[in-house]
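Data first, discussion second: the structure below is written as structure tokens.
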Amino acid sequence: MSNTIYNIQDIATIVAVTSVELSDPSAIINTLAYDSRKITDPKHALFFALSGRRDGHQYLQEAYRAGIRSFVVRKNAFDQADYPDSNWLYVQDTLQALQLLASHHRRQFEYPVIAITGSNGKTIVKEWLYQLLSPEYQIIRSPKSYNSQLGVPLSLWQMDGRHNLAIIEAGISQAGEMDSIEKMVKPTIGVLTNIGHAHDEGFASIQEKTLEKLKLFRDADKVIYNPSYVNTAIKVPGRYHFTWIVGEGALLEVIASRKEMEQQYVLEANYQQQSYVFTVPFTDKASIENLVCCWAVMLVLGYETAMVIDRMKDLLPISMRLELKKGINNNSIIDDSYSNDLSSLLIALDFLKQQQQHPHKMLILSDLPIGEQDKTKLYTKIAAMLKGKGIDRFIGVGKHLRQHAALFSMDARFFDTTEELLANITKLNIQHSTVLIKGGRVFGFENVSKALTLQTHETTLEINLNALEYNLNSYKSLLQQGTKLMVMVKAFSYGSGSFEIANLLQFNKVDYLTVAYADEGIALRKSGITLPIVVMSPGEDTFEQMIHYRLQPEIYSFAELDTFIHALSVIKTETYPIHIKVDTGMHRLGFELDQVGELLTKLKRTDKIIVKSVFSHLAASGSREHDDFTREQIRLFDVFTKDLAQGLGYHFIRHIANTSAISRFPQAQFDMVRLGIGLYGVSADAEHPLPLQSVTRLRTGVTQIKHIKAGETVGYNRNGRLPGEGTIATVKIGYADGYSRRFGNGVGKMLIKGELVPTVGDICMDMCMLDVTGMDVKEGEEVLVMGDELSPDSLAKAIGTIPYEILTSISQRVRRVYYFE
Ligand SMILES: *Cc1c(COP(=O)(O)O)cnc(C)c1O
């Protein structure tokens, strides 16, 4: 996206290759790629096969297919013959090579580089500084929260000669990481936002963490920090220090703050013997600190306080994640209107490109806020980008876009204003599409989003796809080399969604997906899932459909085997894969152990099918008291499958381990494991819980607040009583949403404004009531029903069930919102 250009041979020198093979030594590189889903301008891209949680060498084929011909790789990590006409730079460590390149690139520029680090608030401070400084500076800043060992070099790569200020965010999660970041960034101005408890596990003490963060400023000219976060014993690097504080004891002090109106605080501040009183549009402590931090940076850059105060009044809140919401007319909506510039547009388009659930991809875009630069060049670039990302329908809003309408070759419509678009929106007939809505603040695109999003019911289940990926990798790390992975996506992926989850698993190259019923599998196929899918309860009447959609049945009885073979002979396919289930003690479905002989005879009599796998299910793999029984199941399975394999004369995949067995019975991995609940953030192993991240957050809102006199009752059957006079909040979730009636009368608790409050009275169908006596709660307040603080496990315990039931009970009418952080 930048004007950066390097010759491949120069890059070879910069990244310290061990050897090179160049088919095209004159290749020009201007884009760095590391993710085969996110490729733009492949002709000029250099692909780094990074070995992080997944090995980039596995994605070379996809990158090559996308048109990339230049690669930075480890030698012998793949078969080179598959990639004719390519350039290969061989290095020991591909990430380090990327960092060397970024570091070299950064040194080409003399303008100031502000580096921001700290436990929280980095991205907000960066985005606010961008808003505050944009009138004077041409700023390059890290996109979103690109602040890691990978994010930082990608951010630096965007620097070019058109800018005159860089703002780079740096995050670390363990000791030793800051050195490499410091070497790349070499900041001139350092900003420490705060020190909190994030990533405590990676450090021996808070002190060690602070010291590690401060390493970033080793050679900085000026360092800006809040002394309340830095122990006086610590020597802060930098030639000049500027301190700020909410309290007393710094150059810039905010000594008092009070709430004035609903969304405003009045701040009183001292700086250089002057006092200032002014209002800001934020009321929480974290935002105030971030604001003061930005103020300090502006003072260091030489701004007058009057101007700073004037600009802070207009600061806007920042939402940092891309959300996927259900839209009207069978659309999905990606709402991203927090900033509108090329790099954030590219990130959002990549997210859009990964969505396969609808046949069409559409972008609604406003004019980009640029000065008097060459607009034609900008919009030509954007038009080319859209083509590359598979956008088939485009709506442009704003005068500039309209002027450049001719550049957009797809189905495109243009409007001068957002109002004009809204007046015509139903006529546009937007359906079966994934729609990205991306507009600058002044365009007020939240109204476009409102018009296109389904808002029947405000209770929302948020699904964090990053956390899901994290959990997947936690389990992968427990697998022995070569063990395959089947993931259970039955019951709407344990309530978390269907194609959204399957899509992510497909990208992560799991080996199999498993659903309960054929229609679940068909829905996945229709939304673009190509992975092998196993159906556990196929049902005779669906065989034909299953074969049509290439779904593979679980076969658990002779009757089922016969009808399936019959269905195959009618349709005439090639040998069809099936999965045999054997009962080793669960006593639910499956062939009996002593049926192995008869099964062999039947299987050998037909050439219609091939046994792809044989499996069994453990009845109590999570509970220690039954471990002997589990070991016996494993032994029986081993014997049965050995006999069967010998009789059949060919190899099939053997699998028995579910989530808790993956961690508790490593000897039971066989050729494949079946991951279920663990993926969704519930560790089924109480003794050695894996460090999983919670994937789902269920939230709702307060509809009404009521004051209750002593002795009055609340809800059906007059079951709800408060100890005396009090206040209740009625919230929009009931048993029809999956919030069980068993949570009634104080058994269930929800979180409002950081406080756990109990239910009052019976849970109703669509609502329930909470005791908020003594709290300042308003209508519309957000209420957390399940999440970090209220885990599925703890909810389950409260009503005597298991987390599986809690997750899968959340009804389909509850809106699902998916996001990547
Ligand atoms: C649901 C299911 C699993 C997954 O179980 P978890 O405990 O969620 O890991 C594995 N195998 C079979 C046959 C299942 O039905």
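Scheme for the structure tokens: letters A, B, ... for chains in order shown; per-chain residue numbers from 1; ligand numbers from 1 in order shown.
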Strand (DSSP E or B) per DSSP on the backbone: members of region 379-455 of chain A, as a ChimeraX atom specification: /A:393-397,411-415,433-438,453
Environment of ligand 1 within 10 Å, counting only C-alpha atoms and all ligand atoms, reported as number ranges by chain: A: 486-491, 493-494, 514-516, 536-537, 554, 581, 588-589, 615-622, 655-662, 673-680, 682-684, 803-804
Residues of region 316-498 of chain A in alpha helix (DSSP H), written as number ranges by chain: A: 342-353, 375-388, 399-403, 418-424, 446-452, 465-476, 490-494
Output of the above residues as a PDB file, in the first residue's frame, restricted to C-alpha atoms:
ATOM      1  CA  LEU A 342      -6.350   2.541   3.150  1.00  0.00           C
ATOM      2  CA  SER A 343      -4.772   0.246   5.706  1.00  0.00           C
ATOM      3  CA  SER A 344      -7.909  -0.280   7.779  1.00  0.00           C
ATOM      4  CA  LEU A 345      -9.905  -0.753   4.578  1.00  0.00           C
ATOM      5  CA  LEU A 346      -7.501  -3.469   3.523  1.00  0.00           C
ATOM      6  CA  ILE A 347      -7.841  -5.275   6.860  1.00  0.00           C
ATOM      7  CA  ALA A 348     -11.619  -5.131   6.655  1.00  0.00           C
ATOM      8  CA  LEU A 349     -11.587  -6.363   3.050  1.00  0.00           C
ATOM      9  CA  ASP A 350      -9.444  -9.315   4.080  1.00  0.00           C
ATOM     10  CA  PHE A 351     -11.964 -10.162   6.757  1.00  0.00           C
ATOM     11  CA  LEU A 352     -14.724  -9.888   4.166  1.00  0.00           C
ATOM     12  CA  LYS A 353     -12.876 -12.094   1.738  1.00  0.00           C
ATOM     13  CA  LYS A 375      -7.569  11.480  -5.693  1.00  0.00           C
ATOM     14  CA  THR A 376      -7.579   9.690  -9.002  1.00  0.00           C
ATOM     15  CA  LYS A 377      -4.533   7.729  -7.986  1.00  0.00           C
ATOM     16  CA  LEU A 378      -6.089   6.821  -4.652  1.00  0.00           C
ATOM     17  CA  TYR A 379      -9.400   5.682  -6.094  1.00  0.00           C
ATOM     18  CA  THR A 380      -7.720   3.788  -8.904  1.00  0.00           C
ATOM     19  CA  LYS A 381      -5.812   1.880  -6.275  1.00  0.00           C
ATOM     20  CA  ILE A 382      -8.963   1.202  -4.295  1.00  0.00           C
ATOM     21  CA  ALA A 383     -10.855   0.017  -7.376  1.00  0.00           C
ATOM     22  CA  ALA A 384      -8.051  -2.449  -8.129  1.00  0.00           C
ATOM     23  CA  MET A 385      -8.032  -3.606  -4.519  1.00  0.00           C
ATOM     24  CA  LEU A 386     -11.760  -4.323  -4.606  1.00  0.00           C
ATOM     25  CA  LYS A 387     -11.376  -6.449  -7.676  1.00  0.00           C
ATOM     26  CA  GLY A 388      -8.608  -8.424  -6.029  1.00  0.00           C
ATOM     27  CA  LYS A 399     -18.700  13.543  -3.993  1.00  0.00           C
ATOM     28  CA  HIS A 400     -15.192  12.263  -4.652  1.00  0.00           C
ATOM     29  CA  LEU A 401     -16.278   8.690  -5.182  1.00  0.00           C
ATOM     30  CA  ARG A 402     -19.046   9.828  -7.472  1.00  0.00           C
ATOM     31  CA  GLN A 403     -16.564  11.819  -9.533  1.00  0.00           C
ATOM     32  CA  THR A 418     -25.601   9.120   3.318  1.00  0.00           C
ATOM     33  CA  GLU A 419     -29.186  10.472   3.441  1.00  0.00           C
ATOM     34  CA  GLU A 420     -29.526   9.862  -0.270  1.00  0.00           C
ATOM     35  CA  LEU A 421     -28.287   6.286   0.185  1.00  0.00           C
ATOM     36  CA  LEU A 422     -30.685   5.679   3.070  1.00  0.00           C
ATOM     37  CA  ALA A 423     -33.626   6.973   1.037  1.00  0.00           C
ATOM     38  CA  ASN A 424     -32.831   4.407  -1.661  1.00  0.00           C
ATOM     39  CA  GLU A 446     -24.065   3.838  11.823  1.00  0.00           C
ATOM     40  CA  ASN A 447     -27.463   4.595  10.300  1.00  0.00           C
ATOM     41  CA  VAL A 448     -26.644   2.476   7.269  1.00  0.00           C
ATOM     42  CA  SER A 449     -25.634  -0.324   9.575  1.00  0.00           C
ATOM     43  CA  LYS A 450     -28.856   0.070  11.554  1.00  0.00           C
ATOM     44  CA  ALA A 451     -30.909  -0.118   8.389  1.00  0.00           C
ATOM     45  CA  LEU A 452     -29.264  -3.356   7.280  1.00  0.00           C
ATOM     46  CA  LEU A 465     -12.846 -16.093  16.893  1.00  0.00           C
ATOM     47  CA  ASN A 466      -9.330 -15.291  18.080  1.00  0.00           C
ATOM     48  CA  ALA A 467     -10.008 -17.110  21.334  1.00  0.00           C
ATOM     49  CA  LEU A 468     -11.392 -20.051  19.411  1.00  0.00           C
ATOM     50  CA  GLU A 469      -8.243 -20.224  17.329  1.00  0.00           C
ATOM     51  CA  TYR A 470      -6.150 -19.939  20.459  1.00  0.00           C
ATOM     52  CA  ASN A 471      -7.943 -22.890  22.051  1.00  0.00           C
ATOM     53  CA  LEU A 472      -7.587 -24.922  18.884  1.00  0.00           C
ATOM     54  CA  ASN A 473      -3.850 -24.363  19.002  1.00  0.00           C
ATOM     55  CA  SER A 474      -3.676 -25.231  22.693  1.00  0.00           C
ATOM     56  CA  TYR A 475      -5.084 -28.661  21.885  1.00  0.00           C
ATOM     57  CA  LYS A 476      -2.978 -29.048  18.766  1.00  0.00           C
ATOM     58  CA  LYS A 490     -22.574 -30.481  16.037  1.00  0.00           C
ATOM     59  CA  ALA A 491     -25.464 -28.537  17.578  1.00  0.00           C
ATOM     60  CA  PHE A 492     -24.408 -25.298  15.888  1.00  0.00           C
ATOM     61  CA  SER A 493     -20.861 -25.743  17.083  1.00  0.00           C
ATOM     62  CA  TYR A 494     -21.991 -26.159  20.683  1.00  0.00           C
TER      63      TYR A 494
END
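From CA of Tyr271 (chain A) back to CA of Asp219 (chain A), the distance works out to 27.0 Å.
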Can you build me a table of region 237-333 of chain A residues sitting at most 8 Å from region 117-141 of chain A, with the closest atom pair per residue and its distance in Å to one decimal, using only C-alpha atoms, sorted by chain and residue number, as CSV?
residue,atom,partner,partner_atom,distance
A:Ala286,CA,A:Gly121,CA,7.7
A:Asn290,CA,A:Val125,CA,5.9
A:Leu291,CA,A:Val125,CA,7.5
A:Cys293,CA,A:Val125,CA,7.4
A:Cys294,CA,A:Leu129,CA,6.1
A:Val308,CA,A:Leu132,CA,7.9
A:Arg311,CA,A:Leu132,CA,6.4
A:Met312,CA,A:Leu132,CA,7.4
A:Leu315,CA,A:Trp128,CA,7.0
A:Leu316,CA,A:Trp128,CA,8.0
A:Ile318,CA,A:Ile124,CA,6.7
Ile309 (chain A) surroundings by only C-alpha atoms, 12 Å radius, close-in-sequence under 6 positions cut, as number ranges by chain: A: 132, 266-269, 276-281, 291-292, 294-296, 298-299, 303, 315
Using N, CA and C atoms, can you write the selected residues to a file as a PDB file, in the first residue's frame?
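Result went into result-v6.pdb, see below:
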ATOM      1  N   LEU A 132      -5.991  13.668  16.946  1.00  0.00           N
ATOM      2  CA  LEU A 132      -5.595  14.979  17.468  1.00  0.00           C
ATOM      3  C   LEU A 132      -4.519  15.654  16.621  1.00  0.00           C
ATOM      4  N   VAL A 266     -16.016  16.922  33.854  1.00  0.00           N
ATOM      5  CA  VAL A 266     -15.266  18.171  33.926  1.00  0.00           C
ATOM      6  C   VAL A 266     -13.932  17.841  34.575  1.00  0.00           C
ATOM      7  N   LEU A 267     -12.853  18.239  33.945  1.00  0.00           N
ATOM      8  CA  LEU A 267     -11.527  17.993  34.505  1.00  0.00           C
ATOM      9  C   LEU A 267     -10.914  19.304  34.975  1.00  0.00           C
ATOM     10  N   GLU A 268     -10.195  19.222  36.078  1.00  0.00           N
ATOM     11  CA  GLU A 268      -9.410  20.367  36.531  1.00  0.00           C
ATOM     12  C   GLU A 268      -7.956  19.968  36.493  1.00  0.00           C
ATOM     13  N   ALA A 269      -7.138  20.797  35.854  1.00  0.00           N
ATOM     14  CA  ALA A 269      -5.750  20.394  35.665  1.00  0.00           C
ATOM     15  C   ALA A 269      -4.792  21.531  35.989  1.00  0.00           C
ATOM     16  N   TYR A 276      -6.500  24.780  34.585  1.00  0.00           N
ATOM     17  CA  TYR A 276      -7.426  24.676  33.457  1.00  0.00           C
ATOM     18  C   TYR A 276      -8.647  23.896  33.897  1.00  0.00           C
ATOM     19  N   VAL A 277      -9.825  24.323  33.452  1.00  0.00           N
ATOM     20  CA  VAL A 277     -11.046  23.569  33.720  1.00  0.00           C
ATOM     21  C   VAL A 277     -11.746  23.370  32.383  1.00  0.00           C
ATOM     22  N   PHE A 278     -12.054  22.140  32.074  1.00  0.00           N
ATOM     23  CA  PHE A 278     -12.717  21.899  30.782  1.00  0.00           C
ATOM     24  C   PHE A 278     -13.449  20.566  30.798  1.00  0.00           C
ATOM     25  N   THR A 279     -14.324  20.365  29.821  1.00  0.00           N
ATOM     26  CA  THR A 279     -15.088  19.108  29.788  1.00  0.00           C
ATOM     27  C   THR A 279     -14.561  18.178  28.702  1.00  0.00           C
ATOM     28  N   VAL A 280     -14.695  16.895  28.975  1.00  0.00           N
ATOM     29  CA  VAL A 280     -14.306  15.883  27.973  1.00  0.00           C
ATOM     30  C   VAL A 280     -15.469  14.908  27.799  1.00  0.00           C
ATOM     31  N   PRO A 281     -15.561  14.311  26.632  1.00  0.00           N
ATOM     32  CA  PRO A 281     -16.726  13.463  26.350  1.00  0.00           C
ATOM     33  C   PRO A 281     -16.568  12.027  26.834  1.00  0.00           C
ATOM     34  N   LEU A 291      -6.636  10.110  27.843  1.00  0.00           N
ATOM     35  CA  LEU A 291      -6.717  11.498  27.369  1.00  0.00           C
ATOM     36  C   LEU A 291      -5.551  12.335  27.871  1.00  0.00           C
ATOM     37  N   VAL A 292      -5.269  12.200  29.174  1.00  0.00           N
ATOM     38  CA  VAL A 292      -4.191  12.994  29.756  1.00  0.00           C
ATOM     39  C   VAL A 292      -2.853  12.592  29.117  1.00  0.00           C
ATOM     40  N   CYS A 294      -2.437  11.565  26.056  1.00  0.00           N
ATOM     41  CA  CYS A 294      -2.386  12.222  24.740  1.00  0.00           C
ATOM     42  C   CYS A 294      -2.032  13.701  24.882  1.00  0.00           C
ATOM     43  N   TRP A 295      -2.605  14.305  25.904  1.00  0.00           N
ATOM     44  CA  TRP A 295      -2.322  15.721  26.166  1.00  0.00           C
ATOM     45  C   TRP A 295      -0.815  15.910  26.375  1.00  0.00           C
ATOM     46  N   ALA A 296      -0.243  15.045  27.204  1.00  0.00           N
ATOM     47  CA  ALA A 296       1.191  15.129  27.489  1.00  0.00           C
ATOM     48  C   ALA A 296       2.009  15.019  26.193  1.00  0.00           C
ATOM     49  N   MET A 298       1.091  15.827  23.226  1.00  0.00           N
ATOM     50  CA  MET A 298       0.940  17.049  22.439  1.00  0.00           C
ATOM     51  C   MET A 298       1.786  18.193  23.003  1.00  0.00           C
ATOM     52  N   LEU A 299       1.866  18.266  24.332  1.00  0.00           N
ATOM     53  CA  LEU A 299       2.717  19.301  24.929  1.00  0.00           C
ATOM     54  C   LEU A 299       4.175  19.078  24.529  1.00  0.00           C
ATOM     55  N   TYR A 303       2.546  21.747  21.252  1.00  0.00           N
ATOM     56  CA  TYR A 303       1.213  22.340  21.109  1.00  0.00           C
ATOM     57  C   TYR A 303       0.888  23.231  22.297  1.00  0.00           C
ATOM     58  N   LEU A 315     -13.032  14.399  20.590  1.00  0.00           N
ATOM     59  CA  LEU A 315     -12.530  13.031  20.427  1.00  0.00           C
ATOM     60  C   LEU A 315     -13.675  12.033  20.376  1.00  0.00           C
TER      61      LEU A 315
END
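Proximity ranking of A:Ala736, A:Leu756, A:Val72, A:Leu790 relative to Ser51 (chain A) places A:Val72 first, based on only C-alpha atoms.
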Contact residues around Ile116 (chain A) with only C-alpha atoms at 7 Å, ignoring same-chain residues under 5 positions, as a list in words: Lys122, Ile168, Glu169, Ala170, Gly190, Val191 and Leu192 of chain A
Keeping only C-alpha atoms, write the selected residues as an mmCIF file, in the first residue's frame.
data_model
loop_
_atom_site.group_PDB
_atom_site.id
_atom_site.type_symbol
_atom_site.label_atom_id
_atom_site.label_comp_id
_atom_site.auth_asym_id
_atom_site.auth_seq_id
_atom_site.Cartn_x
_atom_site.Cartn_y
_atom_site.Cartn_z
ATOM 1 C CA LYS A 122 -2.069 1.527 23.564
ATOM 2 C CA ILE A 168 3.906 2.726 16.353
ATOM 3 C CA GLU A 169 2.354 0.504 18.966
ATOM 4 C CA ALA A 170 4.420 -2.182 20.729
ATOM 5 C CA GLY A 190 8.481 7.012 23.937
ATOM 6 C CA VAL A 191 5.028 6.826 25.504
ATOM 7 C CA LEU A 192 4.192 4.480 28.380
#
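Every protein, DNA or RNA residue with an atom at most 8 Å from Val731 (chain A), where only C-alpha atoms count and chain neighbours fewer than 5 positions away do not, is listed here: A:Thr700, A:Gly701, A:Val702, A:Thr703, A:Gln704, A:Met767, A:Cys768, A:Met769, A:Leu770, A:Val783.
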Limited to N, CA and C atoms, could you put the picked residues into a file as a PDB file, in the first residue's frame?
ATOM      1  N   THR A 700     -27.109  -8.971  27.523  1.00  0.00           N
ATOM      2  CA  THR A 700     -28.441  -8.466  27.246  1.00  0.00           C
ATOM      3  C   THR A 700     -28.533  -7.059  27.808  1.00  0.00           C
ATOM      4  N   GLY A 701     -29.742  -6.498  27.872  1.00  0.00           N
ATOM      5  CA  GLY A 701     -29.864  -5.122  28.336  1.00  0.00           C
ATOM      6  C   GLY A 701     -31.045  -4.948  29.276  1.00  0.00           C
ATOM      7  N   VAL A 702     -30.988  -3.849  30.028  1.00  0.00           N
ATOM      8  CA  VAL A 702     -32.074  -3.536  30.963  1.00  0.00           C
ATOM      9  C   VAL A 702     -33.203  -2.840  30.204  1.00  0.00           C
ATOM     10  N   THR A 703     -34.428  -3.367  30.323  1.00  0.00           N
ATOM     11  CA  THR A 703     -35.566  -2.737  29.665  1.00  0.00           C
ATOM     12  C   THR A 703     -36.241  -1.723  30.573  1.00  0.00           C
ATOM     13  N   GLN A 704     -36.351  -2.059  31.852  1.00  0.00           N
ATOM     14  CA  GLN A 704     -37.030  -1.135  32.759  1.00  0.00           C
ATOM     15  C   GLN A 704     -36.501  -1.292  34.181  1.00  0.00           C
ATOM     16  N   MET A 767     -38.050 -12.644  29.541  1.00  0.00           N
ATOM     17  CA  MET A 767     -37.466 -11.646  30.449  1.00  0.00           C
ATOM     18  C   MET A 767     -37.173 -12.279  31.791  1.00  0.00           C
ATOM     19  N   CYS A 768     -36.416 -11.546  32.594  1.00  0.00           N
ATOM     20  CA  CYS A 768     -36.331 -11.881  34.009  1.00  0.00           C
ATOM     21  C   CYS A 768     -35.940 -10.629  34.775  1.00  0.00           C
ATOM     22  N   MET A 769     -35.980 -10.711  36.097  1.00  0.00           N
ATOM     23  CA  MET A 769     -35.759  -9.532  36.922  1.00  0.00           C
ATOM     24  C   MET A 769     -34.551  -9.729  37.835  1.00  0.00           C
ATOM     25  N   LEU A 770     -33.820  -8.629  38.042  1.00  0.00           N
ATOM     26  CA  LEU A 770     -32.615  -8.681  38.870  1.00  0.00           C
ATOM     27  C   LEU A 770     -32.751  -7.701  40.023  1.00  0.00           C
ATOM     28  N   VAL A 783     -25.929  -5.818  30.386  1.00  0.00           N
ATOM     29  CA  VAL A 783     -25.917  -6.846  31.429  1.00  0.00           C
ATOM     30  C   VAL A 783     -25.197  -8.077  30.887  1.00  0.00           C
TER      31      VAL A 783
END
Who sits within 10 Å of Arg624 (chain A), only C-alpha atoms, same chain under 3 positions skipped, as a PyMOL selection string: chain A and resi 620-621+627-630+664+685-687
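When only C-alpha atoms are used to compute distances to Asn508 (chain A), the closest of the residues A:Asp416, A:Ala406, A:Glu544, A:Leu531 turns out to be A:Leu531.
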Identify, on the basis of only C-alpha atoms, every residue whose closest approach to Lys612 (chain A) does not exceed 10 Å; exclude the query and any residue fewer than 3 positions from it along the same chain; express the result as an mmCIF file with C-alpha atoms, in the first residue's frame.
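Saved the output as part-v7.cif:
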data_model
loop_
_atom_site.group_PDB
_atom_site.id
_atom_site.type_symbol
_atom_site.label_atom_id
_atom_site.label_comp_id
_atom_site.auth_asym_id
_atom_site.auth_seq_id
_atom_site.Cartn_x
_atom_site.Cartn_y
_atom_site.Cartn_z
ATOM 1 C CA GLN A 552 -19.704 -39.257 5.153
ATOM 2 C CA TYR A 576 -17.636 -44.150 -0.711
ATOM 3 C CA PRO A 577 -15.982 -43.350 2.631
ATOM 4 C CA ILE A 578 -17.740 -44.447 5.829
ATOM 5 C CA HIS A 579 -16.906 -44.379 9.520
ATOM 6 C CA ILE A 580 -17.590 -47.400 11.677
ATOM 7 C CA ILE A 609 -17.532 -48.528 0.408
ATOM 8 C CA TYR A 650 -6.052 -52.012 4.566
ATOM 9 C CA HIS A 651 -5.372 -49.159 6.899
ATOM 10 C CA PHE A 652 -8.018 -46.897 8.388
ATOM 11 C CA ILE A 653 -7.922 -44.043 10.878
ATOM 12 C CA ARG A 654 -8.527 -45.078 14.483
#
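For the set A:Thr542, A:Thr31, A:Gln61, A:Asn147, the residue with the smallest atom-to-atom gap to Ile522 (chain A) is A:Thr542, counting only C-alpha atoms.
Counting only C-alpha atoms, the residue from A:Leu636, A:Val814, A:Leu504, A:Val510 that sits nearest to Glu458 (chain A) is A:Val814.
Proximity to Ile181 (chain A) was assessed for A:Gln9, A:Thr801, A:Gln481, A:Gln96 counting only C-alpha atoms; the smallest distance is recorded for A:Gln96.
Straight-line separation from CA of Asn194 (chain A) to CA of Lys213 (chain A): 10.2 Å.
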